[in-house]
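S.K.: A single structure is presented below for examination.
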Amino acid sequence: MDLSADAMHSFENDGFVLLPGFYDFESEIAPIQEGIRRIVELSARRHGLTVDCDTPLAAMTRGYMTLISTDRSIGSEIYDAVKQIPAFMRLVMDRRNEAVFKKLRAGSIPGIAAGGYGIRIDNPREHTFRAPWHQEFPAQLRSLDGIVFWSPLLAVQPEMGPVEIAGGSHKEGIVPVFNESGDGARQGAYGLRLDEEERRLAPYVRCAPLTKPGDLLLMDFLTLHQSGENLSDRPRWSMQFRYFNFAEPTGIRIAWRGSFAAGVKFSDIMPELKKAE
């Protein structure tokens with residue numbers, strides 16, 4: 001996989017790069033969408049409901065929204081199910097992903113973060129699972145030298161809340177974090193907050209790339225980013241998976257252990273990440 005010099009420079013300088021049309025829609029994305037359509041259809045049948053599943057687009061928008069408006073827990077079962085679609089797993093392990101990682105991380109030994117891949121469904125005006133400003137590393141660990149692979153399953157328009165990125169913020173290094181507290185505090189990775197968040201974000205230009213199915217957004221594990229707020233009437237479907245470098249010294253030191261998805265607290269593995277009380 002040959003990346004252009006401009007793409008490599010953008011990633012190095014900005015901590016992210018967008019590769020339009022990286023995946024083929026018909027052979028790679030459409031089979032994932034069809035897998036989702038079938039799961040939505042089966043889930044509706046399981047609950048004795050009739051929803052619009054004539055096409056993948058209908059199933060992922062009107063059909064899915066009908067299901068969660070009837071019972072929000074149905075959305076959780078669909079979220080857990082769709083990450084097991086074979087076409088999705090083939091994309092996660094595609095050799096081009098490994099080749100891109102090696103190109104951006106010369107001399108690396110790539111790994112795929114266990115528990116670090118899935119299909120997100122960001123529902124309209126739902127705050128609970130919206131990721132605040134964060135770096136990927138404290139929530140994922142594995143290796144300091146990691147890259148997020150992010151790709152949409154539906155075209156992302158401004159009102160759908162595209163991912164917001166602070167360009168160049170990876171150069172600051174690891175930012176200490178703390179857990180939300182008090183009433184309404186969220187748990188796990190969703191409850192992590194950056195130390196002195198506004199001060200740290202102030203120097204950087206923020207952007208929110210608009211993407212379509214087949215596009216690939218790559219982000220350094222240390223690039224500050226957050227989920228956009230979905231103010232539309234349809235869910236935002238996207239795929240994420242994380243590659244990391246086995247050969248990176250921090251990864252070796254922590255034996256490539258994961259954080260929240262591995263069922264452990266990052267502060268138990270790397271206490272220096274936790275903001276001093």
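Numbering starts fresh at 1 for the residues of each chain in the structure tokens, the chains themselves are lettered A, B, ... in the order given, and ligands are numbered from 1 as they appear.
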Pull the strand (DSSP E or B) assignments for region 27-246 of chain A out of DSSP run on the backbone, and list those residues as a PyMOL selection string.
M.R.: chain A and resi 110-112+118-122+134+141+146-152+164-166+177-179+192-194+206-207+216-220+225-226+236-245
S.K.: With a distance cut-off of 12 Å and only C-alpha atoms, select the neighbouring residues of Gly48 (chain A), excluding the residue or stretch itself and same-chain residues fewer than 4 positions from it, and output the selection as a tab-separated table (two decimals) with N, CA and C atoms, in the first residue's frame.
M.R.:
```tsv
chain	number	residue	atom	x	y	z
A	41	GLU	N	-33.48	-6.86	10.66
A	41	GLU	CA	-34.69	-7.59	10.29
A	41	GLU	C	-34.96	-8.74	11.26
A	42	LEU	N	-33.92	-9.50	11.60
A	42	LEU	CA	-34.08	-10.62	12.53
A	42	LEU	C	-34.43	-10.13	13.93
A	43	SER	N	-33.83	-9.03	14.35
A	43	SER	CA	-34.11	-8.48	15.66
A	43	SER	C	-35.57	-8.02	15.76
A	44	ALA	N	-36.06	-7.39	14.68
A	44	ALA	CA	-37.47	-6.98	14.66
A	44	ALA	C	-38.38	-8.19	14.77
A	67	LEU	N	-37.17	0.54	16.01
A	67	LEU	CA	-36.90	-0.45	17.06
A	67	LEU	C	-36.51	0.20	18.38
A	70	THR	N	-39.25	1.90	20.27
A	70	THR	CA	-40.13	0.95	20.94
A	70	THR	C	-39.49	0.43	22.22
A	71	ASP	N	-38.20	0.09	22.11
A	71	ASP	CA	-37.47	-0.43	23.27
A	71	ASP	C	-35.99	-0.13	23.05
A	74	ILE	N	-33.18	-2.80	22.52
A	74	ILE	CA	-32.98	-3.50	21.24
A	74	ILE	C	-31.76	-2.93	20.53
```
S.K.: Find the residues around Glu248 (chain A) up to 9 Å (only C-alpha atoms counted), leave out those fewer than 2 positions away in its own chain, and share them as a count of residues only.
M.R.: 12
S.K.: Write out as a PDB file with C-alpha atoms, in the first residue's frame the residues lying within 6 Å of region 209-220 of chain A, counting only C-alpha atoms and excluding same-chain residues fewer than 2 positions away.
M.R.:
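Below you can see out_18.pdb, which holds the result:
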```pdb
ATOM      1  CA  GLY A  15      -1.905  13.586  13.802  1.00  0.00           C
ATOM      2  CA  PHE A  16      -4.591  12.449  11.345  1.00  0.00           C
ATOM      3  CA  VAL A  17      -5.240  12.035   7.632  1.00  0.00           C
ATOM      4  CA  LEU A  18      -8.359  11.306   5.564  1.00  0.00           C
ATOM      5  CA  LEU A  19      -7.993   8.811   2.699  1.00  0.00           C
ATOM      6  CA  PRO A  20     -11.065   9.163   0.430  1.00  0.00           C
ATOM      7  CA  GLY A  21     -12.357   5.974  -1.189  1.00  0.00           C
ATOM      8  CA  PHE A  22      -9.781   3.749   0.510  1.00  0.00           C
ATOM      9  CA  TYR A  23     -12.211   0.811   0.681  1.00  0.00           C
ATOM     10  CA  ASP A  24     -14.258  -0.391  -2.277  1.00  0.00           C
ATOM     11  CA  PHE A  25     -17.934   0.247  -1.646  1.00  0.00           C
ATOM     12  CA  ILE A 147      -3.443   4.328  15.084  1.00  0.00           C
ATOM     13  CA  VAL A 148      -7.249   4.497  15.029  1.00  0.00           C
ATOM     14  CA  PHE A 149      -8.881   3.376  11.780  1.00  0.00           C
ATOM     15  CA  TRP A 150     -12.284   5.111  11.440  1.00  0.00           C
ATOM     16  CA  SER A 151     -14.656   4.661   8.504  1.00  0.00           C
ATOM     17  CA  PRO A 152     -18.367   5.577   8.097  1.00  0.00           C
ATOM     18  CA  LEU A 153     -21.120   3.190   7.045  1.00  0.00           C
ATOM     19  CA  LEU A 154     -23.491   6.043   6.131  1.00  0.00           C
ATOM     20  CA  ALA A 155     -22.526   9.400   4.644  1.00  0.00           C
ATOM     21  CA  VAL A 156     -21.828  11.831   7.490  1.00  0.00           C
ATOM     22  CA  LEU A 222      -2.391  10.757  21.040  1.00  0.00           C
ATOM     23  CA  THR A 223      -4.488  13.049  18.822  1.00  0.00           C
TER      24      THR A 223
END
```
S.K.: How many Å separate CA of Asp2 (chain A) from CA of Arg95 (chain A)?
M.R.: 12.6 Å
S.K.: Step one, run DSSP on the backbone; step two, keep only residues of region 34-93 of chain A assigned to alpha helix (DSSP H); then write them as a ChimeraX atom specification.
M.R.: /A:34-46,56-58,64-70,72-82,86-92
S.K.: Might you pull out every residue within 10 Å of Leu231 (chain A), with only C-alpha atoms counted and same-chain residues fewer than 2 positions away left off, and present them as a list in words?
M.R.: Asn123, Pro124, Arg125, Glu126, Pro158, Glu159, Met160, Gly161, Gly228, Glu229, Asp233, Arg234 and Pro235 of chain A
S.K.: Restrict the selected residues to C-alpha atoms and save them as a CSV table (one decimal), in the first residue's frame.
M.R.:
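Result file is again.csv:
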```
chain,number,residue,atom,x,y,z
A,123,ASN,CA,-28.2,7.9,18.1
A,124,PRO,CA,-29.7,11.3,17.6
A,125,ARG,CA,-29.4,13.6,20.7
A,126,GLU,CA,-28.1,10.8,22.9
A,158,PRO,CA,-22.7,18.3,9.4
A,159,GLU,CA,-25.9,17.8,11.4
A,160,MET,CA,-24.9,14.2,12.1
A,161,GLY,CA,-22.0,15.3,14.2
A,228,GLY,CA,-19.7,15.1,17.3
A,229,GLU,CA,-23.2,15.8,18.5
A,233,ASP,CA,-33.0,12.4,12.7
A,234,ARG,CA,-30.9,9.3,11.9
A,235,PRO,CA,-28.2,7.4,13.6
```
